[in-house]
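Visitor: One file is attached below, target21.txt, containing compact mmCIF, C-alpha atoms.
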```
# COMPACT_ATOMS: atom_id res chain seq x y z
CA MET A 1 -271.36 -8.87 101.74
CA HIS A 2 -273.25 -9.62 104.94
CA GLY A 3 -272.72 -7.30 107.89
CA PHE A 4 -271.66 -10.25 110.02
CA ILE A 5 -268.63 -10.83 107.81
CA ARG A 6 -268.09 -7.19 106.93
CA ASN A 7 -267.54 -6.29 110.56
CA ARG A 8 -264.73 -8.78 110.79
CA LEU A 9 -263.43 -8.21 107.30
CA GLU A 10 -260.08 -6.76 108.32
CA ASP A 11 -259.45 -9.66 110.72
CA LEU A 12 -260.43 -12.16 108.06
CA LEU A 13 -258.14 -10.53 105.52
CA SER A 14 -255.15 -10.53 107.82
CA ALA A 15 -252.74 -13.26 106.84
CA GLU A 16 -252.07 -14.47 110.37
CA ARG A 17 -254.47 -17.41 110.30
CA PRO A 18 -256.38 -19.14 107.50
CA ILE A 19 -260.09 -18.31 107.36
CA ALA A 20 -261.10 -21.89 108.15
CA GLU A 21 -259.69 -21.54 111.65
CA LYS A 22 -261.58 -18.36 112.39
CA ASP A 23 -264.44 -19.67 114.52
CA ASP A 24 -268.04 -19.40 113.30
CA HIS A 25 -267.28 -17.02 110.43
CA ALA A 26 -265.88 -19.95 108.48
CA ASP A 27 -269.30 -21.66 108.49
CA HIS A 28 -270.95 -18.61 107.02
CA ILE A 29 -268.28 -18.17 104.36
CA GLY A 30 -268.61 -21.85 103.51
CA SER A 31 -272.34 -21.48 102.91
CA CYS A 32 -272.55 -17.96 101.42
CA SER A 33 -271.05 -17.79 97.96
CA GLU A 34 -271.44 -14.00 97.76
CA CYS A 35 -269.39 -13.40 100.91
CA ALA A 36 -266.87 -16.05 99.90
CA SER A 37 -266.25 -14.59 96.45
CA GLU A 38 -266.04 -11.03 97.73
CA LEU A 39 -263.64 -12.08 100.45
CA GLU A 40 -261.46 -13.84 97.90
CA MET A 41 -261.51 -10.72 95.74
CA PHE A 42 -260.42 -8.54 98.64
CA LYS A 43 -257.67 -11.02 99.51
CA ALA A 44 -256.33 -10.89 95.96
CA GLN A 45 -256.53 -7.11 96.08
CA GLY A 46 -254.55 -7.08 99.34
CA GLN A 47 -251.87 -9.27 97.77
CA MET A 48 -251.57 -6.85 94.86
CA LEU A 49 -251.34 -3.88 97.18
CA ARG A 50 -248.57 -5.58 99.13
CA MET A 51 -246.53 -5.62 95.91
CA LEU A 52 -245.92 -1.94 96.64
CA ARG A 53 -243.86 -2.86 99.70
CA ALA A 54 -240.25 -1.84 99.32
CA PRO A 55 -237.39 -4.16 100.27
CA GLU A 56 -236.10 -3.84 103.84
CA GLY A 57 -233.26 -1.49 104.75
CA LEU A 58 -233.58 1.04 101.95
CA GLU A 59 -231.87 4.37 102.66
CA PRO A 60 -231.20 7.44 100.55
CA THR A 61 -227.57 8.02 99.59
CA PRO A 62 -225.28 9.86 102.07
CA GLY A 63 -225.55 13.65 102.05
CA PHE A 64 -229.32 13.51 101.75
CA TYR A 65 -229.92 16.25 104.33
CA ALA A 66 -227.55 18.64 102.51
CA ARG A 67 -229.42 18.05 99.27
CA VAL A 68 -232.73 18.68 101.01
CA LEU A 69 -231.37 22.01 102.30
CA GLN A 70 -230.21 22.93 98.79
CA ARG A 71 -233.67 22.22 97.48
CA ILE A 72 -235.25 24.30 100.24
CA GLU A 73 -232.96 27.22 99.39
CA GLY A 74 -233.84 26.86 95.71
CA ARG A 75 -237.53 26.82 96.46
CA ALA A 76 -237.23 29.80 98.81
CA LYS A 77 -235.65 31.85 95.99
CA GLU A 78 -238.30 30.63 93.58
CA SER A 79 -241.02 31.54 96.02
CA ILE A 80 -239.72 35.12 96.40
CA TRP A 81 -239.87 35.55 92.61
CA ALA A 82 -243.18 33.77 92.44
CA SER A 83 -244.67 36.03 95.09
CA LEU A 84 -243.44 39.05 93.17
CA ILE A 85 -244.69 37.77 89.84
CA TYR A 86 -247.98 36.22 90.88
CA SER A 87 -249.21 38.64 93.55
CA PRO A 88 -252.28 40.70 92.50
CA VAL A 89 -250.50 43.97 93.32
CA SER A 90 -247.55 43.12 91.11
CA SER A 91 -249.80 42.20 88.20
CA ARG A 92 -251.53 45.59 88.50
CA ILE A 93 -248.16 47.31 88.62
CA ALA A 94 -247.14 45.35 85.53
CA TYR A 95 -250.29 46.42 83.63
CA VAL A 96 -249.83 50.07 84.63
CA SER A 97 -246.13 49.96 83.65
CA LEU A 98 -246.96 48.39 80.32
CA THR A 99 -249.60 51.03 79.59
CA LEU A 100 -247.21 53.82 80.58
CA ALA A 101 -244.48 52.34 78.40
CA LEU A 102 -246.88 52.17 75.44
CA VAL A 103 -248.06 55.79 75.92
CA ALA A 104 -244.54 57.11 76.44
CA GLY A 105 -243.24 55.08 73.51
CA SER A 106 -245.90 56.35 71.10
CA TYR A 107 -245.32 59.95 72.33
CA PHE A 108 -241.57 59.69 71.75
CA ILE A 109 -242.03 58.12 68.33
CA ALA A 110 -244.44 60.91 67.34
CA ALA A 111 -242.09 63.60 68.69
CA GLU A 112 -239.11 62.00 66.98
CA THR A 113 -240.97 61.92 63.66
CA ARG A 114 -241.92 65.61 63.95
CA GLU A 115 -238.38 66.67 64.94
CA GLY A 116 -236.96 64.48 62.25
CA HIS A 117 -238.75 66.47 59.51
CA VAL A 118 -237.39 69.78 60.86
CA ARG A 119 -233.85 68.43 61.29
CA ASN A 120 -233.87 66.88 57.82
CA GLY A 121 -234.82 70.30 56.42
CA MET A 122 -231.97 71.94 58.33
CA VAL A 123 -229.53 69.31 57.22
CA ALA A 124 -230.64 69.75 53.62
CA GLN A 125 -230.14 73.45 53.99
CA ALA A 126 -226.81 73.08 55.72
CA HIS A 127 -225.52 70.85 53.00
CA TYR A 128 -226.33 73.34 50.30
CA ASP A 129 -223.00 74.78 49.03
CA ALA A 130 -222.92 78.02 47.13
CA PRO A 131 -221.46 77.63 43.59
CA VAL A 132 -217.84 78.73 43.44
CA THR A 133 -217.91 80.77 40.22
CA GLY A 134 -217.21 84.24 38.97
CA SER A 135 -214.23 86.42 39.79
CA VAL A 136 -211.51 85.46 42.27
CA ALA A 137 -213.08 87.68 44.90
CA GLU A 138 -216.53 86.15 44.29
CA GLN A 139 -215.04 82.64 44.44
CA ARG A 140 -213.26 83.49 47.74
CA ASP A 141 -216.56 84.79 49.21
CA ALA A 142 -218.37 81.64 48.07
CA VAL A 143 -215.72 79.37 49.65
CA LEU A 144 -215.82 81.37 52.91
CA GLU A 145 -219.65 81.22 52.89
CA ASN A 146 -219.55 77.47 52.37
CA PHE A 147 -217.03 77.06 55.21
CA ALA A 148 -219.15 79.19 57.48
CA SER A 149 -222.29 77.20 56.67
CA HIS A 150 -220.64 73.88 57.64
CA MET B 1 -271.58 -7.72 95.52
CA SER B 2 -274.45 -6.12 97.39
CA GLY B 3 -274.99 -2.50 96.47
CA LEU B 4 -276.96 -1.93 99.65
CA SER B 5 -274.13 -3.06 101.89
CA ALA B 6 -271.92 -0.39 100.39
CA THR B 7 -274.21 2.40 101.38
CA LEU B 8 -275.38 1.25 104.80
CA PRO B 9 -273.23 2.29 107.73
CA PHE B 10 -271.60 -0.35 109.90
CA PRO B 11 -273.60 -1.25 113.02
CA ALA B 12 -272.41 0.32 116.22
CA THR B 13 -271.95 -3.09 117.81
CA VAL B 14 -270.17 -6.24 116.74
CA ASP B 15 -271.40 -9.52 118.24
CA GLY B 16 -273.10 -7.68 121.04
CA ALA B 17 -269.97 -5.79 122.06
CA PRO B 18 -269.30 -2.16 121.25
CA ALA B 19 -267.51 -2.00 117.90
CA ALA B 20 -265.40 0.98 118.75
CA GLN B 21 -264.35 0.44 122.33
CA ALA B 22 -264.19 3.62 124.34
CA LYS B 23 -260.44 3.81 124.22
CA PRO B 24 -258.74 7.04 125.18
CA LYS B 25 -258.27 9.02 122.00
CA LEU B 26 -254.63 9.64 121.19
CA ASP B 27 -253.85 13.33 121.48
CA HIS B 28 -251.26 14.23 118.89
CA ARG B 29 -250.68 17.63 120.45
CA ILE B 30 -248.97 16.38 123.58
CA SER B 31 -246.50 13.81 122.31
CA GLU B 32 -242.72 14.06 122.03
CA GLU B 33 -243.25 14.26 118.27
CA ALA B 34 -245.56 17.24 118.72
CA ALA B 35 -242.84 19.05 120.65
CA LEU B 36 -240.46 18.36 117.78
CA VAL B 37 -242.97 19.72 115.26
CA ARG B 38 -243.46 22.85 117.35
CA ARG B 39 -239.71 23.41 117.32
CA VAL B 40 -239.68 23.15 113.52
CA GLN B 41 -242.63 25.52 113.36
CA ALA B 42 -240.51 27.94 115.39
CA GLN B 43 -237.80 27.69 112.67
CA ASP B 44 -235.48 25.39 114.65
CA GLU B 45 -233.22 23.86 112.02
CA ILE B 46 -231.87 21.18 114.37
CA ALA B 47 -235.41 19.94 114.91
CA PHE B 48 -236.00 19.84 111.18
CA ARG B 49 -232.82 17.82 110.75
CA GLU B 50 -234.13 15.42 113.38
CA ILE B 51 -237.33 14.97 111.39
CA VAL B 52 -235.33 14.31 108.22
CA ASP B 53 -233.09 11.80 110.03
CA ARG B 54 -236.08 10.10 111.61
CA TYR B 55 -238.20 9.76 108.48
CA GLN B 56 -235.84 9.75 105.50
CA ALA B 57 -235.63 5.96 105.28
CA LYS B 58 -239.39 5.60 105.63
CA VAL B 59 -240.13 8.22 102.99
CA PHE B 60 -237.54 6.75 100.64
CA SER B 61 -239.04 3.25 101.07
CA ILE B 62 -242.58 4.44 100.40
CA ILE B 63 -241.51 6.17 97.21
CA TYR B 64 -239.32 3.28 96.07
CA GLY B 65 -242.22 0.89 96.67
CA ILE B 66 -244.39 2.91 94.33
CA LEU B 67 -241.92 3.97 91.66
CA ARG B 68 -239.26 1.22 91.83
CA ASN B 69 -236.52 3.60 90.79
CA ARG B 70 -233.77 4.78 93.12
CA ASN B 71 -233.01 8.06 91.36
CA ASP B 72 -236.64 9.09 91.23
CA ALA B 73 -237.12 7.98 94.84
CA GLU B 74 -234.18 10.13 95.95
CA ASP B 75 -235.41 13.13 93.98
CA ILE B 76 -238.98 12.88 95.23
CA ALA B 77 -237.83 12.26 98.81
CA GLN B 78 -235.94 15.57 98.69
CA GLN B 79 -239.05 17.23 97.32
CA VAL B 80 -241.15 15.71 100.09
CA PHE B 81 -238.91 17.09 102.84
CA ALA B 82 -238.79 20.50 101.18
CA LYS B 83 -242.56 20.45 101.13
CA ILE B 84 -242.64 19.40 104.78
CA TYR B 85 -240.33 22.32 105.63
CA PHE B 86 -242.57 24.87 103.93
CA SER B 87 -245.93 23.49 105.04
CA ILE B 88 -245.23 22.27 108.57
CA LYS B 89 -246.55 25.58 109.87
CA ASN B 90 -249.98 24.34 108.71
CA PHE B 91 -249.70 21.00 110.53
CA ASP B 92 -252.67 20.96 112.91
CA PHE B 93 -251.86 17.86 115.07
CA ARG B 94 -255.14 16.17 114.11
CA SER B 95 -253.20 13.15 112.88
CA SER B 96 -249.76 11.78 113.67
CA LEU B 97 -246.77 13.33 111.95
CA LEU B 98 -246.13 10.05 110.14
CA THR B 99 -249.66 10.03 108.69
CA TRP B 100 -249.18 13.58 107.48
CA ILE B 101 -245.78 12.80 105.98
CA TYR B 102 -247.19 9.64 104.40
CA LYS B 103 -249.94 11.67 102.74
CA ILE B 104 -247.46 14.19 101.34
CA THR B 105 -245.18 11.40 100.12
CA VAL B 106 -247.89 9.43 98.30
CA ASN B 107 -249.29 12.63 96.77
CA GLU B 108 -245.86 13.57 95.48
CA CYS B 109 -245.53 10.11 93.91
CA TYR B 110 -248.88 10.44 92.21
CA ASP B 111 -248.05 13.95 90.98
CA TYR B 112 -244.92 12.47 89.48
CA LEU B 113 -246.86 9.59 87.94
CA ARG B 114 -249.33 12.00 86.45
CA LYS B 115 -246.47 13.81 84.76
CA LYS B 116 -244.96 10.65 83.38
CA ARG B 117 -246.83 7.87 81.73
CA VAL B 118 -246.91 5.05 84.26
CA ARG B 119 -246.30 2.26 81.80
CA LYS B 120 -243.18 3.87 80.43
CA LEU B 121 -241.98 4.56 83.96
CA VAL B 122 -242.47 1.03 85.21
CA TYR B 123 -240.75 -0.57 82.25
CA GLU B 124 -237.79 1.77 82.54
CA SER B 125 -237.47 1.22 86.28
CA GLU B 126 -234.88 -0.63 88.29
CA PHE B 127 -237.59 -3.08 89.21
CA THR B 128 -237.21 -4.64 85.80
CA ALA B 129 -233.45 -4.77 85.95
CA ASP B 130 -233.19 -5.96 89.57
CA GLU B 131 -235.87 -8.57 89.26
CA SER B 132 -234.63 -9.81 85.92
CA LEU B 133 -231.07 -10.15 87.18
CA ARG B 134 -232.14 -11.95 90.31
CA LEU B 135 -234.34 -14.35 88.42
CA GLU B 136 -231.77 -14.92 85.69
CA ASN B 137 -229.32 -16.07 88.33
CA SER B 138 -231.72 -18.46 89.96
CA GLU B 139 -234.04 -20.06 87.42
CA PRO B 140 -233.96 -21.10 83.77
CA ALA B 141 -234.53 -18.19 81.41
CA THR B 142 -237.64 -19.67 79.80
CA ASP B 143 -239.80 -19.36 82.94
CA GLN B 144 -238.59 -15.94 84.08
CA ALA B 145 -239.97 -13.52 81.55
CA PRO B 146 -243.66 -14.24 82.14
CA ALA B 147 -243.22 -14.00 85.94
CA VAL B 148 -241.46 -10.64 85.74
CA ASP B 149 -243.91 -9.37 83.14
CA GLN B 150 -246.82 -10.47 85.25
CA ARG B 151 -245.48 -8.75 88.34
CA LEU B 152 -244.80 -5.58 86.38
CA ALA B 153 -248.26 -5.65 84.92
CA GLN B 154 -249.78 -6.13 88.38
CA HIS B 155 -247.64 -3.35 89.84
CA ASP B 156 -248.72 -1.13 86.98
CA LEU B 157 -252.36 -2.10 87.43
CA ILE B 158 -252.50 -1.48 91.17
CA LEU B 159 -250.94 1.97 90.73
CA LYS B 160 -253.52 2.72 88.09
CA LEU B 161 -256.38 1.50 90.27
CA LEU B 162 -255.15 3.52 93.24
CA SER B 163 -255.12 6.62 91.06
CA LYS B 164 -258.86 6.12 90.52
CA VAL B 165 -259.81 6.35 94.19
CA SER B 166 -259.72 9.35 96.51
CA GLU B 167 -256.57 10.47 98.26
CA GLU B 168 -257.97 9.39 101.64
CA ASP B 169 -258.99 5.94 100.41
CA ARG B 170 -255.63 5.44 98.74
CA ASN B 171 -253.68 6.42 101.85
CA LEU B 172 -255.79 4.22 104.12
CA LEU B 173 -255.37 1.20 101.86
CA LEU B 174 -251.64 1.76 101.59
CA LEU B 175 -251.20 2.25 105.33
CA LYS B 176 -253.17 -0.92 105.99
CA GLU B 177 -251.85 -3.25 103.31
CA VAL B 178 -248.41 -1.90 102.42
CA GLU B 179 -247.31 -0.55 105.78
CA GLY B 180 -249.14 -3.31 107.64
CA HIS B 181 -250.83 -1.14 110.28
CA SER B 182 -253.74 -2.62 112.17
CA VAL B 183 -257.16 -0.95 112.34
CA GLU B 184 -256.37 0.07 115.90
CA GLU B 185 -253.09 1.67 114.86
CA LEU B 186 -254.77 3.43 111.96
CA ALA B 187 -257.37 4.83 114.33
CA GLY B 188 -254.60 6.17 116.55
CA MET B 189 -252.68 7.62 113.62
CA THR B 190 -255.58 9.33 111.90
CA GLY B 191 -257.60 10.41 114.92
CA MET B 192 -260.68 8.52 113.67
CA ASN B 193 -262.38 5.74 115.61
CA GLU B 194 -261.88 2.08 114.69
CA ASN B 195 -265.37 1.65 113.33
CA THR B 196 -264.92 4.59 110.98
CA ILE B 197 -261.63 3.13 109.80
CA LYS B 198 -263.32 -0.23 109.10
CA VAL B 199 -266.11 1.44 107.13
CA LYS B 200 -263.67 3.57 105.17
CA LEU B 201 -261.45 0.59 104.41
CA PHE B 202 -264.38 -1.51 103.26
CA ARG B 203 -265.64 1.23 100.96
CA ALA B 204 -262.15 1.89 99.64
CA ARG B 205 -261.76 -1.80 98.83
CA GLN B 206 -265.09 -1.79 97.03
CA LYS B 207 -264.13 1.30 95.04
CA LEU B 208 -260.92 -0.38 94.01
CA VAL B 209 -262.86 -3.43 92.80
CA LYS B 210 -265.22 -1.18 90.84
CA ALA B 211 -262.28 0.69 89.34
CA ALA B 212 -260.79 -2.65 88.26
CA GLU B 213 -264.11 -3.62 86.65
CA ARG B 214 -264.28 -0.30 84.81
CA LEU B 215 -260.69 -0.64 83.67
CA SER B 216 -261.27 -4.13 82.34
CA ARG B 217 -264.22 -2.83 80.31
CA ALA B 218 -262.31 0.22 79.02
CA PRO B 219 -260.66 0.06 75.58
CA LEU B 220 -256.92 -0.64 75.65
CA ALA B 221 -256.09 2.74 74.11
CA GLY B 222 -257.33 4.65 77.11
CA ARG B 223 -255.47 2.72 79.77
CA ASN B 224 -252.76 5.14 80.69
CA ILE B 225 -252.85 7.25 83.84
```
As structure tokens, what does this structure read like?

Guide:
Amino acid sequence: MHGFIRNRLEDLLSAERPIAEKDDHADHIGSCSECASELEMFKAQGQMLRMLRAPEGLEPTPGFYARVLQRIEGRAKESIWASLIYSPVSSRIAYVSLTLALVAGSYFIAAETREGHVRNGMVAQAHYDAPVTGSVAEQRDAVLENFASH
Amino acid sequence: MSGLSATLPFPATVDGAPAAQAKPKLDHRISEEAALVRRVQAQDEIAFREIVDRYQAKVFSIIYGILRNRNDAEDIAQQVFAKIYFSIKNFDFRSSLLTWIYKITVNECYDYLRKKRVRKLVYESEFTADESLRLENSEPATDQAPAVDQRLAQHDLILKLLSKVSEEDRNLLLLKEVEGHSVEELAGMTGMNENTIKVKLFRARQKLVKAAERLSRAPLAGRNI
């Protein structure tokens, strides 16, 4: 497009007056096919863009401001959590906590396993009942011993 | 189309007269609107309510124009004002408040469109229902379907093309063609001079034409946003 037309492009594209009435630019457009076709293309483009115009008098439904405030409150809460979750300090704290939890967990599992063996031995021992046989006196001693061991 | 014309800057003069007249540059820091923004920046809730009251219809219309669905427009309008509330502290008064709000609004629409497939969205929208009903009541059914389909396809296409250009180009084109602002008004709103606006508009228009050419060459399968 020639600079002569390009400088007045926005005026020429405005729908107020047809191009033919626009002084000496019309002569150039009449003789220059390149400018004419590009101008037509831009006019068609403008028409398509104007399809995005909304009808007059559109309003959101009543109570719009209250809903905006609700959304702001929601986002404020979200942002507090987000700042806690996504801050670099909190991620470091999370890594350290996770490592500590893993170390402590493996220590407790190991300790539990060791203690478990000892306790199982004690329980096995504790559940051993002396045979109640022999004389009445021996049987009485055995029963008393079994009671005492429980 | 001349490739050279796209890269050369506009001349400083038009028909012997200065292209960008030395008009006093609009200072967005000393307007009544700037005072209102400062009040919001100072956490004045009444001032924020005033901004919502002042711009809610505008924001809703912009979104409806793009998405053609009332529920989505309402939802995104709420999101836009929440965003304004949280980011108004960063508003630097380089442009008008409306320009800034417009930018946020259009960006929110395009974020939404990116999340949803635009074709699905347009065909599910109220645009289809409203337009169909209106046309059904006025003209014979045989001629209506192609007209509605054609308009939907064009609406779909222009949204797609606008998604292919930069945010600045898209906003300038929308402010000029959809909102109907003159070059002079755009210069006042954006803080740029008129000549710069003309250059930017021309290049944005060219980019849109190129995007349309690329889209027409692209295979049908890849035509979703």

Visitor: Check which residues of chain A sit at most 9 Å from chain B using all atoms listed in the file, and return one row each with the closest pair of atoms and their distance in Å to one decimal, ordered by chain and rising number, as CSV.

Guide:
```
residue,atom,partner,partner_atom,distance
A:Met1,CA,B:Ser2,CA,6.0
A:His2,CA,B:Ser5,CA,7.3
A:Gly3,CA,B:Phe10,CA,7.3
A:Phe4,CA,B:Val14,CA,8.0
A:Arg6,CA,B:Phe202,CA,7.7
A:Asn7,CA,B:Val14,CA,6.7
A:Arg8,CA,B:Val14,CA,8.5
A:Leu9,CA,B:Phe202,CA,7.9
A:Glu10,CA,B:Lys198,CA,7.3
A:Glu34,CA,B:Met1,CA,6.7
A:Cys35,CA,B:Met1,CA,8.1
A:Ser37,CA,B:Met1,CA,8.7
A:Glu38,CA,B:Met1,CA,6.8
A:Met41,CA,B:Val209,CA,8.0
A:Phe42,CA,B:Arg205,CA,6.9
A:Gln45,CA,B:Arg205,CA,7.9
A:Gly46,CA,B:Glu177,CA,6.1
A:Gln47,CA,B:Glu177,CA,8.2
A:Met48,CA,B:Ile158,CA,6.6
A:Leu49,CA,B:Glu177,CA,6.2
A:Arg50,CA,B:Val178,CA,4.9
A:Met51,CA,B:His155,CA,6.6
A:Leu52,CA,B:Gly65,CA,4.7
A:Arg53,CA,B:Gly65,CA,5.1
A:Ala54,CA,B:Gly65,CA,4.3
A:Pro55,CA,B:Ser61,CA,7.6
A:Glu56,CA,B:Ser61,CA,8.2
A:Gly57,CA,B:Ala57,CA,7.8
A:Leu58,CA,B:Ser61,CA,6.0
A:Glu59,CA,B:Ala57,CA,4.9
A:Pro60,CA,B:Glu74,CA,6.1
A:Thr61,CA,B:Glu74,CA,7.8
A:Phe64,CA,B:Gln78,CA,7.6
A:Tyr65,CA,B:Val52,CA,6.9
A:Arg67,CA,B:Gln78,CA,7.0
A:Val68,CA,B:Gln78,CA,5.0
A:Leu69,CA,B:Ala82,CA,7.7
A:Arg71,CA,B:Ala82,CA,6.5
A:Ile72,CA,B:Ala82,CA,5.3
A:Arg75,CA,B:Ala82,CA,8.0
A:Ala76,CA,B:Phe86,CA,8.9
```

Visitor: Could you please determine the separation between CA of Asp27 (chain B) and CA of Gly188 (chain B) in Å, to one decimal place?

Guide: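 According to the coordinates, CA of Asp27 (chain B) and CA of Gly188 (chain B) are separated by 8.7 Å.
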
Visitor: Neighbours of Val143 (chain A) within 9 Å (all atoms listed in the file; same-chain residues fewer than 5 positions away dropped), as number ranges by chain?

Guide: A: 129-132, 138, 148

Visitor: Quote the spacing between CA of Glu167 (chain B) and CA of Asn107 (chain B) in Å to one decimal place.

Guide: 7.7 Å

Visitor: What is the distance, in Å and to one decimal place, between CA of Leu186 (chain B) and CA of Arg203 (chain B)?

Guide: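 Calculated distance between CA of Leu186 (chain B) and CA of Arg203 (chain B) is 15.6 Å.
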
Visitor: Would you mind telling me which residue in B:Arg214, B:Ile88, B:Lys200, B:Ala47 lies nearest to Trp100 (chain B) when using all atoms listed in the file?

Guide: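 Among the listed residues, B:Ile88 lies closest to Trp100 (chain B).
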
Visitor: Would you please work out which residue, of B:Met189, B:Leu172, B:Ala147, B:Leu161, is nearest to Ala211 (chain B) when using only C-alpha atoms?

Guide: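 The shortest atom-to-atom distance to Ala211 (chain B) comes from B:Leu161.
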
Visitor: So which residues are close to (-246.6, 9.7, 106.7), meaning at most 10 Å away in the file's coordinates with all atoms listed in the file counted, and can you show them as a PDB file with C-alpha atoms, keeping the file's coordinate frame?

Guide:
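Once everything was written out, this is out-v3.pdb:
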```pdb
ATOM      1  CA  TYR B  55    -238.200   9.760 108.480  1.00  0.00           C
ATOM      2  CA  LYS B  58    -239.390   5.600 105.630  1.00  0.00           C
ATOM      3  CA  VAL B  59    -240.130   8.220 102.990  1.00  0.00           C
ATOM      4  CA  ILE B  62    -242.580   4.440 100.400  1.00  0.00           C
ATOM      5  CA  SER B  95    -253.200  13.150 112.880  1.00  0.00           C
ATOM      6  CA  SER B  96    -249.760  11.780 113.670  1.00  0.00           C
ATOM      7  CA  LEU B  97    -246.770  13.330 111.950  1.00  0.00           C
ATOM      8  CA  LEU B  98    -246.130  10.050 110.140  1.00  0.00           C
ATOM      9  CA  THR B  99    -249.660  10.030 108.690  1.00  0.00           C
ATOM     10  CA  TRP B 100    -249.180  13.580 107.480  1.00  0.00           C
ATOM     11  CA  ILE B 101    -245.780  12.800 105.980  1.00  0.00           C
ATOM     12  CA  TYR B 102    -247.190   9.640 104.400  1.00  0.00           C
ATOM     13  CA  LYS B 103    -249.940  11.670 102.740  1.00  0.00           C
ATOM     14  CA  ILE B 104    -247.460  14.190 101.340  1.00  0.00           C
ATOM     15  CA  THR B 105    -245.180  11.400 100.120  1.00  0.00           C
ATOM     16  CA  VAL B 106    -247.890   9.430  98.300  1.00  0.00           C
ATOM     17  CA  ASN B 171    -253.680   6.420 101.850  1.00  0.00           C
ATOM     18  CA  LEU B 175    -251.200   2.250 105.330  1.00  0.00           C
ATOM     19  CA  MET B 189    -252.680   7.620 113.620  1.00  0.00           C
TER      20      MET B 189
END
```

Visitor: Any idea what's packed within 10 Å of Asp92 (chain B), counting only C-alpha atoms, ignoring anything in its chain fewer than 6 positions away? Could you give it as a PyMOL selection string?

Guide: chain B and resi 28-29+34+100

Visitor: Missing atoms in region 52-64 of chain A should be modelled up to N, CA and C atoms and reported as a short mmCIF file (atom, residue, chain, number, x, y, z; two decimals), in the coordinates of the input.

Guide:
```cif
data_model
loop_
_atom_site.label_atom_id
_atom_site.label_comp_id
_atom_site.auth_asym_id
_atom_site.auth_seq_id
_atom_site.Cartn_x
_atom_site.Cartn_y
_atom_site.Cartn_z
N LEU A 52 -246.51 -3.28 96.55
CA LEU A 52 -245.92 -1.94 96.64
C LEU A 52 -244.98 -1.81 97.84
N ARG A 53 -244.82 -2.90 98.57
CA ARG A 53 -243.86 -2.86 99.70
C ARG A 53 -242.44 -2.81 99.15
N ALA A 54 -241.65 -1.95 99.76
CA ALA A 54 -240.25 -1.84 99.32
C ALA A 54 -239.41 -2.85 100.08
N PRO A 55 -238.27 -3.26 99.52
CA PRO A 55 -237.39 -4.16 100.27
C PRO A 55 -236.92 -3.51 101.57
N GLU A 56 -236.54 -4.34 102.53
CA GLU A 56 -236.10 -3.84 103.84
C GLU A 56 -234.77 -3.08 103.71
N GLY A 57 -234.57 -2.14 104.60
CA GLY A 57 -233.26 -1.49 104.75
C GLY A 57 -232.89 -0.50 103.66
N LEU A 58 -233.89 0.04 102.97
CA LEU A 58 -233.58 1.04 101.95
C LEU A 58 -233.28 2.39 102.61
N GLU A 59 -232.26 3.06 102.12
CA GLU A 59 -231.87 4.37 102.66
C GLU A 59 -231.49 5.27 101.49
N PRO A 60 -231.73 6.55 101.60
CA PRO A 60 -231.20 7.44 100.55
C PRO A 60 -229.67 7.52 100.64
N THR A 61 -229.05 7.98 99.60
CA THR A 61 -227.57 8.02 99.59
C THR A 61 -227.06 9.07 100.59
N PRO A 62 -225.81 8.89 101.08
CA PRO A 62 -225.28 9.86 102.07
C PRO A 62 -225.32 11.30 101.53
N GLY A 63 -225.47 12.24 102.45
CA GLY A 63 -225.55 13.65 102.05
C GLY A 63 -226.96 14.07 101.70
N PHE A 64 -227.92 13.23 102.10
CA PHE A 64 -229.32 13.51 101.75
C PHE A 64 -229.80 14.83 102.37
#
```
